[in-house]
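Peer 1: Quick one, query_35.pdb (PDB, C-alpha atoms):
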ATOM      1  CA  MET A  49      -9.329  35.956  14.708  1.00  0.00           C
ATOM      2  CA  THR A  50     -12.356  33.706  15.156  1.00  0.00           C
ATOM      3  CA  LEU A  51     -14.733  33.626  18.098  1.00  0.00           C
ATOM      4  CA  GLN A  52     -12.302  31.464  20.060  1.00  0.00           C
ATOM      5  CA  SER A  53      -9.972  33.388  22.317  1.00  0.00           C
ATOM      6  CA  GLN A  54      -6.216  32.826  22.121  1.00  0.00           C
ATOM      7  CA  GLU A  55      -6.357  30.575  25.229  1.00  0.00           C
ATOM      8  CA  GLU A  56      -9.108  28.369  23.760  1.00  0.00           C
ATOM      9  CA  ARG A  57      -7.538  27.740  20.351  1.00  0.00           C
ATOM     10  CA  ILE A  58      -7.718  24.179  19.141  1.00  0.00           C
ATOM     11  CA  PHE A  59      -4.915  22.961  16.915  1.00  0.00           C
ATOM     12  CA  MET A  60      -5.142  20.368  14.181  1.00  0.00           C
ATOM     13  CA  LYS A  61      -3.084  17.249  14.819  1.00  0.00           C
ATOM     14  CA  THR A  62      -1.294  15.574  11.901  1.00  0.00           C
ATOM     15  CA  MET A  63       1.077  12.707  11.136  1.00  0.00           C
ATOM     16  CA  ASN A  64       2.289  10.668   8.182  1.00  0.00           C
ATOM     17  CA  LEU A  65       0.736   7.235   8.626  1.00  0.00           C
ATOM     18  CA  LEU A  66       3.506   5.405   6.746  1.00  0.00           C
ATOM     19  CA  GLU A  67       6.448   6.858   8.696  1.00  0.00           C
ATOM     20  CA  GLU A  68       8.058   5.267  11.763  1.00  0.00           C
ATOM     21  CA  LEU A  69       6.325   1.918  11.257  1.00  0.00           C
ATOM     22  CA  VAL A  70       6.933  -0.619  14.023  1.00  0.00           C
ATOM     23  CA  PHE A  71       6.623  -4.347  13.340  1.00  0.00           C
ATOM     24  CA  HIS A  72       6.849  -7.042  16.009  1.00  0.00           C
ATOM     25  CA  GLU A  73       8.354 -10.436  15.248  1.00  0.00           C
ATOM     26  CA  GLY A  74       5.871 -12.700  17.029  1.00  0.00           C
ATOM     27  CA  ASP A  75       2.513 -10.965  16.890  1.00  0.00           C
ATOM     28  CA  PRO A  76       0.807  -8.181  14.969  1.00  0.00           C
ATOM     29  CA  TYR A  77       1.225  -4.742  16.511  1.00  0.00           C
ATOM     30  CA  ALA A  78      -1.617  -2.319  17.264  1.00  0.00           C
ATOM     31  CA  GLU A  79      -0.206   1.146  17.946  1.00  0.00           C
ATOM     32  CA  PRO A  80      -2.547   3.696  19.543  1.00  0.00           C
ATOM     33  CA  LEU A  81      -2.221   6.888  17.506  1.00  0.00           C
ATOM     34  CA  TYR A  82      -4.924   8.959  19.177  1.00  0.00           C
ATOM     35  CA  VAL A  83      -7.281   8.009  21.993  1.00  0.00           C
ATOM     36  CA  ASN A  84      -9.874  10.066  23.848  1.00  0.00           C
ATOM     37  CA  GLU A  85     -13.379   9.534  25.199  1.00  0.00           C
ATOM     38  CA  ALA A  86     -14.861  10.031  21.715  1.00  0.00           C
ATOM     39  CA  GLY A  87     -12.894   7.220  20.091  1.00  0.00           C
ATOM     40  CA  ARG A  88      -9.569   5.774  19.126  1.00  0.00           C
ATOM     41  CA  ILE A  89      -7.340   5.515  16.088  1.00  0.00           C
ATOM     42  CA  LEU A  90      -4.993   2.533  15.911  1.00  0.00           C
ATOM     43  CA  ARG A  91      -2.288   1.712  13.351  1.00  0.00           C
ATOM     44  CA  PHE A  92      -1.863  -2.013  12.780  1.00  0.00           C
ATOM     45  CA  THR A  93       1.308  -3.554  11.358  1.00  0.00           C
ATOM     46  CA  LEU A  94       1.567  -7.215  10.399  1.00  0.00           C
ATOM     47  CA  ARG A  95       4.483  -9.163   8.976  1.00  0.00           C
ATOM     48  CA  PRO A  96       3.809 -11.871   6.372  1.00  0.00           C
ATOM     49  CA  GLY A  97       2.159 -14.853   8.045  1.00  0.00           C
ATOM     50  CA  GLN A  98       0.827 -12.925  11.058  1.00  0.00           C
ATOM     51  CA  THR A  99      -2.873 -13.075  11.938  1.00  0.00           C
ATOM     52  CA  ILE A 100      -5.196 -11.015  14.097  1.00  0.00           C
ATOM     53  CA  ARG A 101      -7.415 -13.818  15.319  1.00  0.00           C
ATOM     54  CA  GLU A 102     -11.181 -13.575  15.203  1.00  0.00           C
ATOM     55  CA  HIS A 103     -12.606 -11.053  17.647  1.00  0.00           C
ATOM     56  CA  HIS A 104     -15.146  -8.224  17.710  1.00  0.00           C
ATOM     57  CA  ALA A 105     -15.600  -4.693  18.991  1.00  0.00           C
ATOM     58  CA  PRO A 106     -18.760  -4.903  21.096  1.00  0.00           C
ATOM     59  CA  ASN A 107     -19.395  -1.165  21.504  1.00  0.00           C
ATOM     60  CA  SER A 108     -18.442   0.323  18.157  1.00  0.00           C
ATOM     61  CA  PRO A 109     -18.269  -0.290  14.452  1.00  0.00           C
ATOM     62  CA  PHE A 110     -14.682  -0.878  13.318  1.00  0.00           C
ATOM     63  CA  TYR A 111     -13.608   1.167  10.290  1.00  0.00           C
ATOM     64  CA  VAL A 112     -10.458   0.064   8.439  1.00  0.00           C
ATOM     65  CA  VAL A 113      -8.387   1.890   5.802  1.00  0.00           C
ATOM     66  CA  VAL A 114      -5.616  -0.208   4.247  1.00  0.00           C
ATOM     67  CA  LEU A 115      -2.449   1.838   3.709  1.00  0.00           C
ATOM     68  CA  LYS A 116       0.193  -0.642   2.532  1.00  0.00           C
ATOM     69  CA  GLY A 117       0.320  -4.241   1.360  1.00  0.00           C
ATOM     70  CA  HIS A 118      -2.487  -6.700   0.809  1.00  0.00           C
ATOM     71  CA  GLY A 119      -4.196  -8.923   3.339  1.00  0.00           C
ATOM     72  CA  LEU A 120      -7.100 -11.271   3.820  1.00  0.00           C
ATOM     73  CA  PHE A 121     -10.018  -9.844   5.802  1.00  0.00           C
ATOM     74  CA  ALA A 122     -13.056 -11.811   6.956  1.00  0.00           C
ATOM     75  CA  GLY A 123     -16.227 -10.427   8.500  1.00  0.00           C
ATOM     76  CA  GLY A 124     -19.237 -12.015  10.121  1.00  0.00           C
ATOM     77  CA  ASP A 125     -19.749 -14.480   7.268  1.00  0.00           C
ATOM     78  CA  GLY A 126     -16.222 -15.877   7.772  1.00  0.00           C
ATOM     79  CA  GLU A 127     -15.379 -15.531   4.060  1.00  0.00           C
ATOM     80  CA  GLU A 128     -11.870 -14.155   3.504  1.00  0.00           C
ATOM     81  CA  GLN A 129     -11.433 -11.453   0.871  1.00  0.00           C
ATOM     82  CA  ARG A 130      -8.203  -9.826  -0.319  1.00  0.00           C
ATOM     83  CA  PHE A 131      -7.874  -6.045   0.091  1.00  0.00           C
ATOM     84  CA  GLY A 132      -5.021  -3.624  -0.455  1.00  0.00           C
ATOM     85  CA  PRO A 133      -4.105   0.067  -0.360  1.00  0.00           C
ATOM     86  CA  ASN A 134      -6.951   2.582  -0.447  1.00  0.00           C
ATOM     87  CA  SER A 135      -9.566  -0.005   0.568  1.00  0.00           C
ATOM     88  CA  LEU A 136     -12.175   0.947   3.151  1.00  0.00           C
ATOM     89  CA  LEU A 137     -13.814  -1.803   5.205  1.00  0.00           C
ATOM     90  CA  VAL A 138     -16.601  -1.427   7.772  1.00  0.00           C
ATOM     91  CA  PHE A 139     -17.335  -4.059  10.414  1.00  0.00           C
ATOM     92  CA  ASP A 140     -20.542  -3.507  12.390  1.00  0.00           C
ATOM     93  CA  SER A 141     -20.587  -3.365  16.199  1.00  0.00           C
ATOM     94  CA  GLY A 142     -20.253  -6.897  17.507  1.00  0.00           C
ATOM     95  CA  GLU A 143     -19.329  -8.343  14.089  1.00  0.00           C
ATOM     96  CA  ASN A 144     -16.599 -10.955  14.298  1.00  0.00           C
ATOM     97  CA  HIS A 145     -13.641 -10.292  12.029  1.00  0.00           C
ATOM     98  CA  LEU A 146     -10.119 -11.563  11.425  1.00  0.00           C
ATOM     99  CA  ILE A 147      -7.173 -10.272   9.417  1.00  0.00           C
ATOM    100  CA  ARG A 148      -4.192 -12.080   7.876  1.00  0.00           C
ATOM    101  CA  ALA A 149      -1.049 -10.840   6.168  1.00  0.00           C
ATOM    102  CA  VAL A 150      -0.171 -13.542   3.665  1.00  0.00           C
ATOM    103  CA  ASP A 151       2.926 -12.788   1.587  1.00  0.00           C
ATOM    104  CA  GLU A 152       3.793  -9.146   2.320  1.00  0.00           C
ATOM    105  CA  GLU A 153       3.740  -6.621   5.156  1.00  0.00           C
ATOM    106  CA  LEU A 154       0.288  -5.206   5.855  1.00  0.00           C
ATOM    107  CA  VAL A 155      -0.379  -1.771   7.358  1.00  0.00           C
ATOM    108  CA  PHE A 156      -3.845  -0.399   8.081  1.00  0.00           C
ATOM    109  CA  VAL A 157      -5.544   2.120  10.324  1.00  0.00           C
ATOM    110  CA  GLY A 158      -8.593   1.243  12.413  1.00  0.00           C
ATOM    111  CA  PHE A 159     -11.117   3.687  13.872  1.00  0.00           C
ATOM    112  CA  LEU A 160     -13.482   2.987  16.775  1.00  0.00           C
ATOM    113  CA  HIS A 161     -16.130   5.163  18.470  1.00  0.00           C
ATOM    114  CA  GLY A 162     -15.869   5.753  22.191  1.00  0.00           C
ATOM    115  CA  VAL A 163     -13.488   4.305  24.727  1.00  0.00           C
ATOM    116  CA  PRO A 164     -15.233   2.620  27.653  1.00  0.00           C
ATOM    117  CA  ASP A 165     -13.985   3.838  31.049  1.00  0.00           C
ATOM    118  CA  MET A 166     -11.869   6.648  29.542  1.00  0.00           C
ATOM    119  CA  ARG A 167     -11.675   9.645  31.864  1.00  0.00           C
ATOM    120  CA  PRO A 168     -13.265  12.739  30.293  1.00  0.00           C
ATOM    121  CA  GLY A 169     -10.596  15.106  29.017  1.00  0.00           C
ATOM    122  CA  LYS A 170      -7.878  12.443  29.008  1.00  0.00           C
ATOM    123  CA  VAL A 171      -6.003  12.005  25.722  1.00  0.00           C
ATOM    124  CA  GLY A 172      -3.460   9.350  24.775  1.00  0.00           C
ATOM    125  CA  GLY A 173      -1.600   7.781  21.883  1.00  0.00           C
ATOM    126  CA  LYS A 174       1.379   8.720  19.758  1.00  0.00           C
ATOM    127  CA  MET A 175      -0.157  11.903  18.337  1.00  0.00           C
ATOM    128  CA  ALA A 176      -1.114  13.137  21.805  1.00  0.00           C
ATOM    129  CA  ARG A 177       2.463  12.651  23.031  1.00  0.00           C
ATOM    130  CA  GLN A 178       3.846  14.545  20.006  1.00  0.00           C
ATOM    131  CA  ALA A 179       1.573  17.524  20.749  1.00  0.00           C
ATOM    132  CA  GLU A 180       2.866  17.885  24.318  1.00  0.00           C
TER     133      GLU A 180
END
What would the structure in this file look like if it were written as structure tokens?
Peer 2:
Amino acid sequence: MTLQSQEERIFMKTMNLLEELVFHEGDPYAEPLYVNEAGRILRFTLRPGQTIREHHAPNSPFYVVVLKGHGLFAGGDGEEQRFGPNSLLVFDSGENHLIRAVDEELVFVGFLHGVPDMRPGKVGGKMARQAE
């Protein structure tokens, strides 16, 4: 046994990122997978033709890992580039970005640092509910 007592044990949380995908008809869907004061993990699902309009994350870089499909991603320069599975994209804090699924479903995971106004010790998202 490590230095942690039985009561203090911390357990690894896991999930398959391509199972139980939820797509919405009208708009892209951002599903919170894990959220706490340190950051958040969101799974995005887009149907062909859906767009996440230009926006920015003011307090954190936005890290993207594409899991399925191909999409057009534009950063601060506004130039769209096509990316697919296993691509890693990094948008700086405050950098405008937009994302479009063109001709196939697009699934990616986004990571952000910190959650403004999150109560310390509070945890949310799909993975948190599964651990309960």
Peer 1: How big is the axis-aligned box around all listed atoms of range 117-122 of chain A once 5 Å goes on each side, and where's its centre, in Å to one decimal, as JSON?
Peer 2:
{"center_x": -6.4, "center_y": -8.0, "center_z": 3.9, "size_x": 23.4, "size_y": 17.6, "size_z": 16.1}
Peer 1: Translate the PyMOL selection byres ((chain A and resi 83) around 6) into a concrete residue list for this structure, as a tab-separated table (two decimals) with C-alpha atoms, in the frame of the given file.
Peer 2:
chain	number	residue	atom	x	y	z
A	82	TYR	CA	-4.92	8.96	19.18
A	84	ASN	CA	-9.87	10.07	23.85
A	87	GLY	CA	-12.89	7.22	20.09
A	88	ARG	CA	-9.57	5.77	19.13
A	171	VAL	CA	-6.00	12.00	25.72
A	172	GLY	CA	-3.46	9.35	24.78
A	173	GLY	CA	-1.60	7.78	21.88
Peer 1: For the point (-0.9, -2.0, 2.2) in the file's frame, write as a ChimeraX atom specification all residues with an atom no more than 10 Å away, counting all atoms listed in the file.
Peer 2: /A:66,93,113-119,131-135,149,152-156
Peer 1: For the provided coordinates, the residues matched by the PyMOL selection byres ((chain A and resi 65) around 9) should be stated as a ChimeraX atom specification.
Peer 2: /A:63-64,66-69,91,115,156-157
Peer 1: Let me make sure I understand: among A:Arg177, A:His104, A:Lys170, A:Arg95, which one has the smallest atom-to-atom distance to Gly123 in chain A if we use all atoms listed in the file?
Peer 2: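 For Gly123 in chain A, the nearest of the candidates is A:His104.
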Peer 1: Write out as a list in words the residues lying within 6 Å of Ile89 in chain A, counting only C-alpha atoms and excluding same-chain residues fewer than 3 positions away.
Peer 2: Leu81, Tyr82, Gly158 and Phe159 of chain A
Peer 1: Please evaluate the PyMOL selection byres ((chain A and resi 164) around 12) against the structure above and give the resulting residues as an mmCIF file with C-alpha atoms, in the frame of the given file.
Peer 2:
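Below you can see result_4.cif, which holds the result:
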data_model
loop_
_atom_site.group_PDB
_atom_site.id
_atom_site.type_symbol
_atom_site.label_atom_id
_atom_site.label_comp_id
_atom_site.auth_asym_id
_atom_site.auth_seq_id
_atom_site.Cartn_x
_atom_site.Cartn_y
_atom_site.Cartn_z
ATOM 1 C CA VAL A 83 -7.281 8.009 21.993
ATOM 2 C CA ASN A 84 -9.874 10.066 23.848
ATOM 3 C CA GLU A 85 -13.379 9.534 25.199
ATOM 4 C CA ALA A 86 -14.861 10.031 21.715
ATOM 5 C CA GLY A 87 -12.894 7.220 20.091
ATOM 6 C CA ARG A 88 -9.569 5.774 19.126
ATOM 7 C CA ALA A 105 -15.600 -4.693 18.991
ATOM 8 C CA PRO A 106 -18.760 -4.903 21.096
ATOM 9 C CA ASN A 107 -19.395 -1.165 21.504
ATOM 10 C CA SER A 108 -18.442 0.323 18.157
ATOM 11 C CA LEU A 160 -13.482 2.987 16.775
ATOM 12 C CA HIS A 161 -16.130 5.163 18.470
ATOM 13 C CA GLY A 162 -15.869 5.753 22.191
ATOM 14 C CA VAL A 163 -13.488 4.305 24.727
ATOM 15 C CA ASP A 165 -13.985 3.838 31.049
ATOM 16 C CA MET A 166 -11.869 6.648 29.542
ATOM 17 C CA ARG A 167 -11.675 9.645 31.864
ATOM 18 C CA PRO A 168 -13.265 12.739 30.293
#
Peer 1: Do you know which residues are at most 8 Å from His72 in chain A counting only C-alpha atoms, after dropping those on the same chain fewer than 4 positions away, and could you put them as a VMD selection string?
Peer 2: chain A and resid 76 to 77 94 to 95
Peer 1: From the coordinates supplied, range 108-144 of chain A should be written with N, CA and C atoms, as a PDB file, in the first residue's frame.
Peer 2:
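Generated file (selection_7.pdb):
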ATOM      1  N   SER A 108      -8.397  30.589 -20.963  1.00  0.00           N
ATOM      2  CA  SER A 108      -7.660  29.340 -21.099  1.00  0.00           C
ATOM      3  C   SER A 108      -7.322  29.070 -22.550  1.00  0.00           C
ATOM      4  N   PRO A 109      -6.183  28.427 -22.789  1.00  0.00           N
ATOM      5  CA  PRO A 109      -5.989  27.856 -24.123  1.00  0.00           C
ATOM      6  C   PRO A 109      -7.064  26.794 -24.337  1.00  0.00           C
ATOM      7  N   PHE A 110      -7.342  26.470 -25.589  1.00  0.00           N
ATOM      8  CA  PHE A 110      -8.303  25.425 -25.922  1.00  0.00           C
ATOM      9  C   PHE A 110      -7.560  24.369 -26.724  1.00  0.00           C
ATOM     10  N   TYR A 111      -7.450  23.172 -26.139  1.00  0.00           N
ATOM     11  CA  TYR A 111      -6.738  22.056 -26.762  1.00  0.00           C
ATOM     12  C   TYR A 111      -7.765  21.116 -27.376  1.00  0.00           C
ATOM     13  N   VAL A 112      -7.563  20.723 -28.615  1.00  0.00           N
ATOM     14  CA  VAL A 112      -8.511  19.879 -29.346  1.00  0.00           C
ATOM     15  C   VAL A 112      -7.803  18.626 -29.830  1.00  0.00           C
ATOM     16  N   VAL A 113      -8.454  17.469 -29.647  1.00  0.00           N
ATOM     17  CA  VAL A 113      -7.995  16.202 -30.238  1.00  0.00           C
ATOM     18  C   VAL A 113      -9.161  15.671 -31.060  1.00  0.00           C
ATOM     19  N   VAL A 114      -8.953  15.529 -32.368  1.00  0.00           N
ATOM     20  CA  VAL A 114      -9.996  15.016 -33.251  1.00  0.00           C
ATOM     21  C   VAL A 114     -10.021  13.492 -33.137  1.00  0.00           C
ATOM     22  N   LEU A 115     -11.215  12.948 -32.902  1.00  0.00           N
ATOM     23  CA  LEU A 115     -11.377  11.507 -32.718  1.00  0.00           C
ATOM     24  C   LEU A 115     -11.956  10.813 -33.941  1.00  0.00           C
ATOM     25  N   LYS A 116     -12.898  11.463 -34.624  1.00  0.00           N
ATOM     26  CA  LYS A 116     -13.624  10.817 -35.717  1.00  0.00           C
ATOM     27  C   LYS A 116     -14.055  11.856 -36.739  1.00  0.00           C
ATOM     28  N   GLY A 117     -13.941  11.508 -38.006  1.00  0.00           N
ATOM     29  CA  GLY A 117     -14.363  12.402 -39.076  1.00  0.00           C
ATOM     30  C   GLY A 117     -13.332  13.469 -39.367  1.00  0.00           C
ATOM     31  N   HIS A 118     -13.659  14.300 -40.337  1.00  0.00           N
ATOM     32  CA  HIS A 118     -12.809  15.424 -40.713  1.00  0.00           C
ATOM     33  C   HIS A 118     -13.638  16.693 -40.647  1.00  0.00           C
ATOM     34  N   GLY A 119     -12.986  17.789 -40.306  1.00  0.00           N
ATOM     35  CA  GLY A 119     -13.683  19.067 -40.236  1.00  0.00           C
ATOM     36  C   GLY A 119     -12.753  20.199 -40.592  1.00  0.00           C
ATOM     37  N   LEU A 120     -13.347  21.363 -40.785  1.00  0.00           N
ATOM     38  CA  LEU A 120     -12.579  22.570 -41.064  1.00  0.00           C
ATOM     39  C   LEU A 120     -12.471  23.364 -39.769  1.00  0.00           C
ATOM     40  N   PHE A 121     -11.237  23.725 -39.423  1.00  0.00           N
ATOM     41  CA  PHE A 121     -10.937  24.465 -38.201  1.00  0.00           C
ATOM     42  C   PHE A 121     -10.219  25.746 -38.602  1.00  0.00           C
ATOM     43  N   ALA A 122     -10.633  26.861 -38.027  1.00  0.00           N
ATOM     44  CA  ALA A 122      -9.962  28.135 -38.273  1.00  0.00           C
ATOM     45  C   ALA A 122      -9.585  28.756 -36.940  1.00  0.00           C
ATOM     46  N   GLY A 123      -8.379  29.316 -36.890  1.00  0.00           N
ATOM     47  CA  GLY A 123      -7.905  30.007 -35.701  1.00  0.00           C
ATOM     48  C   GLY A 123      -7.954  31.506 -35.892  1.00  0.00           C
ATOM     49  N   GLY A 124      -7.090  32.193 -35.191  1.00  0.00           N
ATOM     50  CA  GLY A 124      -7.070  33.648 -35.189  1.00  0.00           C
ATOM     51  C   GLY A 124      -6.863  34.289 -36.543  1.00  0.00           C
ATOM     52  N   ASP A 125      -6.221  33.570 -37.480  1.00  0.00           N
ATOM     53  CA  ASP A 125      -6.004  34.141 -38.808  1.00  0.00           C
ATOM     54  C   ASP A 125      -7.222  33.973 -39.715  1.00  0.00           C
ATOM     55  N   GLY A 126      -8.229  33.211 -39.265  1.00  0.00           N
ATOM     56  CA  GLY A 126      -9.453  33.021 -40.032  1.00  0.00           C
ATOM     57  C   GLY A 126      -9.340  32.028 -41.179  1.00  0.00           C
ATOM     58  N   GLU A 127      -8.158  31.455 -41.392  1.00  0.00           N
ATOM     59  CA  GLU A 127      -7.945  30.521 -42.499  1.00  0.00           C
ATOM     60  C   GLU A 127      -8.376  29.110 -42.090  1.00  0.00           C
ATOM     61  N   GLU A 128      -9.326  28.544 -42.811  1.00  0.00           N
ATOM     62  CA  GLU A 128      -9.815  27.201 -42.507  1.00  0.00           C
ATOM     63  C   GLU A 128      -8.836  26.147 -43.008  1.00  0.00           C
ATOM     64  N   GLN A 129      -8.604  25.138 -42.143  1.00  0.00           N
ATOM     65  CA  GLN A 129      -7.748  24.015 -42.505  1.00  0.00           C
ATOM     66  C   GLN A 129      -8.487  22.728 -42.137  1.00  0.00           C
ATOM     67  N   ARG A 130      -8.294  21.689 -42.948  1.00  0.00           N
ATOM     68  CA  ARG A 130      -8.970  20.416 -42.729  1.00  0.00           C
ATOM     69  C   ARG A 130      -8.121  19.524 -41.814  1.00  0.00           C
ATOM     70  N   PHE A 131      -8.765  18.986 -40.768  1.00  0.00           N
ATOM     71  CA  PHE A 131      -8.096  18.071 -39.847  1.00  0.00           C
ATOM     72  C   PHE A 131      -8.999  16.881 -39.586  1.00  0.00           C
ATOM     73  N   GLY A 132      -8.364  15.754 -39.276  1.00  0.00           N
ATOM     74  CA  GLY A 132      -9.101  14.525 -39.003  1.00  0.00           C
ATOM     75  C   GLY A 132      -8.550  13.794 -37.802  1.00  0.00           C
ATOM     76  N   PRO A 133      -8.903  12.503 -37.678  1.00  0.00           N
ATOM     77  CA  PRO A 133      -8.533  11.717 -36.501  1.00  0.00           C
ATOM     78  C   PRO A 133      -7.043  11.798 -36.169  1.00  0.00           C
ATOM     79  N   ASN A 134      -6.782  11.872 -34.881  1.00  0.00           N
ATOM     80  CA  ASN A 134      -5.430  11.916 -34.317  1.00  0.00           C
ATOM     81  C   ASN A 134      -4.749  13.271 -34.470  1.00  0.00           C
ATOM     82  N   SER A 135      -5.486  14.290 -34.895  1.00  0.00           N
ATOM     83  CA  SER A 135      -4.921  15.637 -34.992  1.00  0.00           C
ATOM     84  C   SER A 135      -5.052  16.352 -33.653  1.00  0.00           C
ATOM     85  N   LEU A 136      -4.023  17.091 -33.301  1.00  0.00           N
ATOM     86  CA  LEU A 136      -4.011  17.914 -32.098  1.00  0.00           C
ATOM     87  C   LEU A 136      -3.934  19.369 -32.520  1.00  0.00           C
ATOM     88  N   LEU A 137      -4.851  20.186 -32.023  1.00  0.00           N
ATOM     89  CA  LEU A 137      -4.867  21.613 -32.332  1.00  0.00           C
ATOM     90  C   LEU A 137      -4.815  22.383 -31.025  1.00  0.00           C
ATOM     91  N   VAL A 138      -4.119  23.507 -31.015  1.00  0.00           N
ATOM     92  CA  VAL A 138      -4.018  24.348 -29.824  1.00  0.00           C
ATOM     93  C   VAL A 138      -4.395  25.775 -30.209  1.00  0.00           C
ATOM     94  N   PHE A 139      -5.435  26.294 -29.554  1.00  0.00           N
ATOM     95  CA  PHE A 139      -5.839  27.683 -29.720  1.00  0.00           C
ATOM     96  C   PHE A 139      -5.438  28.414 -28.447  1.00  0.00           C
ATOM     97  N   ASP A 140      -4.734  29.528 -28.584  1.00  0.00           N
ATOM     98  CA  ASP A 140      -4.286  30.296 -27.427  1.00  0.00           C
ATOM     99  C   ASP A 140      -5.461  30.936 -26.695  1.00  0.00           C
ATOM    100  N   SER A 141      -5.252  31.306 -25.443  1.00  0.00           N
ATOM    101  CA  SER A 141      -6.279  32.037 -24.684  1.00  0.00           C
ATOM    102  C   SER A 141      -6.704  33.265 -25.474  1.00  0.00           C
ATOM    103  N   GLY A 142      -7.999  33.454 -25.617  1.00  0.00           N
ATOM    104  CA  GLY A 142      -8.504  34.623 -26.314  1.00  0.00           C
ATOM    105  C   GLY A 142      -8.480  34.530 -27.828  1.00  0.00           C
ATOM    106  N   GLU A 143      -7.926  33.453 -28.382  1.00  0.00           N
ATOM    107  CA  GLU A 143      -7.856  33.317 -29.850  1.00  0.00           C
ATOM    108  C   GLU A 143      -9.217  32.902 -30.407  1.00  0.00           C
ATOM    109  N   ASN A 144      -9.721  33.678 -31.343  1.00  0.00           N
ATOM    110  CA  ASN A 144     -10.972  33.309 -31.997  1.00  0.00           C
ATOM    111  C   ASN A 144     -10.768  32.034 -32.799  1.00  0.00           C
TER     112      ASN A 144
END
